[in-house]
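Visitor: Would you mind keeping the following structure in view while I ask a few things?
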Amino acid sequence: MTDEMINELVKREDVFKVVNEEYSKISEDDLLRERIEAHEKYLMDQRTRERIAYEKGIEEGIEQVVNKTKVEMAQKALKMGLSPEDIADLIDLSVEEIKQIGNAHT
């Protein structure tokens with residue numbers, strides 16, 4: 001769109017004229033433009049922090065569920081009479097952790 005076309009639209013439409021005047025003011029005022037840009041950066045940074053916190057929360061929640069499931073599986077395997085060593089081969093827990101689980105639930 002050429003400057004001529006923009007000027008013609010501004011002449012015809014009051015709304016375009018107001019928008020164009022406001023845009024011109026903002027464009028001419030470096031301090032205001034810098035403040036707007038800083039605020040936009042702040043908002044983008046805030047959204048990034050929120051997204052990272054959300055993703056971290058999801059990861060921590062998944063980790064808690066996985067750990068709880070491992071403990072429950074170890075408890076069941078111990079009740080079935082499997083040795084801590086055999087359970088350690090099946091579940092990603094150490095023999096010592098499995099023994100602690102057994103001691104805590106006996």
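Labeling convention for the structure tokens: chains A, B, ... as they appear, residues from 1 per chain, ligands from 1 in order of appearance.
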I want to know what sits within 12 Å of Glu85 (chain A), based on only C-alpha atoms, with residues of the same chain fewer than 4 positions away left out; could you give that as a ChimeraX atom specification?

Guide: /A:74,77-78,81,89-99

Visitor: Would you save the residues from that selection as a PDB file, in the first residue's frame, using N, CA and C atoms?

Guide:
ATOM      1  N   ALA A  74       7.325 -52.664  43.976  1.00  0.00           N
ATOM      2  CA  ALA A  74       8.279 -53.323  44.874  1.00  0.00           C
ATOM      3  C   ALA A  74       7.548 -53.958  46.055  1.00  0.00           C
ATOM      4  N   ALA A  77       5.848 -57.101  44.829  1.00  0.00           N
ATOM      5  CA  ALA A  77       6.834 -58.149  44.549  1.00  0.00           C
ATOM      6  C   ALA A  77       7.376 -58.748  45.842  1.00  0.00           C
ATOM      7  N   LEU A  78       7.585 -57.910  46.855  1.00  0.00           N
ATOM      8  CA  LEU A  78       8.052 -58.412  48.156  1.00  0.00           C
ATOM      9  C   LEU A  78       6.994 -59.318  48.775  1.00  0.00           C
ATOM     10  N   GLY A  81       7.053 -62.664  47.559  1.00  0.00           N
ATOM     11  CA  GLY A  81       8.197 -63.459  47.980  1.00  0.00           C
ATOM     12  C   GLY A  81       9.440 -63.308  47.130  1.00  0.00           C
ATOM     13  N   ASP A  89      16.357 -56.126  39.734  1.00  0.00           N
ATOM     14  CA  ASP A  89      16.549 -56.432  38.310  1.00  0.00           C
ATOM     15  C   ASP A  89      15.337 -56.013  37.481  1.00  0.00           C
ATOM     16  N   LEU A  90      14.158 -56.039  38.099  1.00  0.00           N
ATOM     17  CA  LEU A  90      12.930 -55.717  37.379  1.00  0.00           C
ATOM     18  C   LEU A  90      12.571 -54.233  37.419  1.00  0.00           C
ATOM     19  N   ILE A  91      12.871 -53.590  38.540  1.00  0.00           N
ATOM     20  CA  ILE A  91      12.460 -52.203  38.773  1.00  0.00           C
ATOM     21  C   ILE A  91      13.714 -51.344  38.911  1.00  0.00           C
ATOM     22  N   ASP A  92      13.641 -50.154  38.452  1.00  0.00           N
ATOM     23  CA  ASP A  92      14.794 -49.234  38.518  1.00  0.00           C
ATOM     24  C   ASP A  92      14.943 -48.650  39.918  1.00  0.00           C
ATOM     25  N   LEU A  93      15.172 -49.541  40.889  1.00  0.00           N
ATOM     26  CA  LEU A  93      15.469 -49.154  42.268  1.00  0.00           C
ATOM     27  C   LEU A  93      16.658 -49.980  42.729  1.00  0.00           C
ATOM     28  N   SER A  94      17.383 -49.448  43.671  1.00  0.00           N
ATOM     29  CA  SER A  94      18.520 -50.207  44.197  1.00  0.00           C
ATOM     30  C   SER A  94      18.021 -51.249  45.187  1.00  0.00           C
ATOM     31  N   VAL A  95      18.868 -52.232  45.464  1.00  0.00           N
ATOM     32  CA  VAL A  95      18.537 -53.274  46.439  1.00  0.00           C
ATOM     33  C   VAL A  95      18.280 -52.632  47.794  1.00  0.00           C
ATOM     34  N   GLU A  96      19.086 -51.632  48.138  1.00  0.00           N
ATOM     35  CA  GLU A  96      18.920 -50.947  49.425  1.00  0.00           C
ATOM     36  C   GLU A  96      17.571 -50.246  49.500  1.00  0.00           C
ATOM     37  N   GLU A  97      17.157 -49.577  48.424  1.00  0.00           N
ATOM     38  CA  GLU A  97      15.846 -48.911  48.409  1.00  0.00           C
ATOM     39  C   GLU A  97      14.724 -49.931  48.578  1.00  0.00           C
ATOM     40  N   ILE A  98      14.861 -51.067  47.937  1.00  0.00           N
ATOM     41  CA  ILE A  98      13.835 -52.108  48.045  1.00  0.00           C
ATOM     42  C   ILE A  98      13.783 -52.652  49.464  1.00  0.00           C
ATOM     43  N   LYS A  99      14.920 -52.824  50.081  1.00  0.00           N
ATOM     44  CA  LYS A  99      14.948 -53.293  51.480  1.00  0.00           C
ATOM     45  C   LYS A  99      14.293 -52.270  52.384  1.00  0.00           C
TER      46      LYS A  99
END

Visitor: Kindly give the distance, in Å, that separates CA of Ala88 (chain A) and CA of Ile58 (chain A), rounded to a single decimal.

Guide: 26.8 Å

Visitor: What gap, in Å, lies between CA of Pro84 (chain A) and CA of Ile62 (chain A)?

Guide: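 These two atoms are separated by 24.8 Å.
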
Visitor: Interatomic distance between CA of Lys79 (chain A) and CA of Gly102 (chain A)?

Guide: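 Result for CA of Lys79 (chain A) versus CA of Gly102 (chain A): 8.9 Å, one decimal.
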
Visitor: Kindly indicate which residue among A:Asp45, A:Glu55, A:Ile101, A:Glu28 lies nearest to Ile87 (chain A), using only C-alpha atoms for the distances.

Guide: A:Ile101
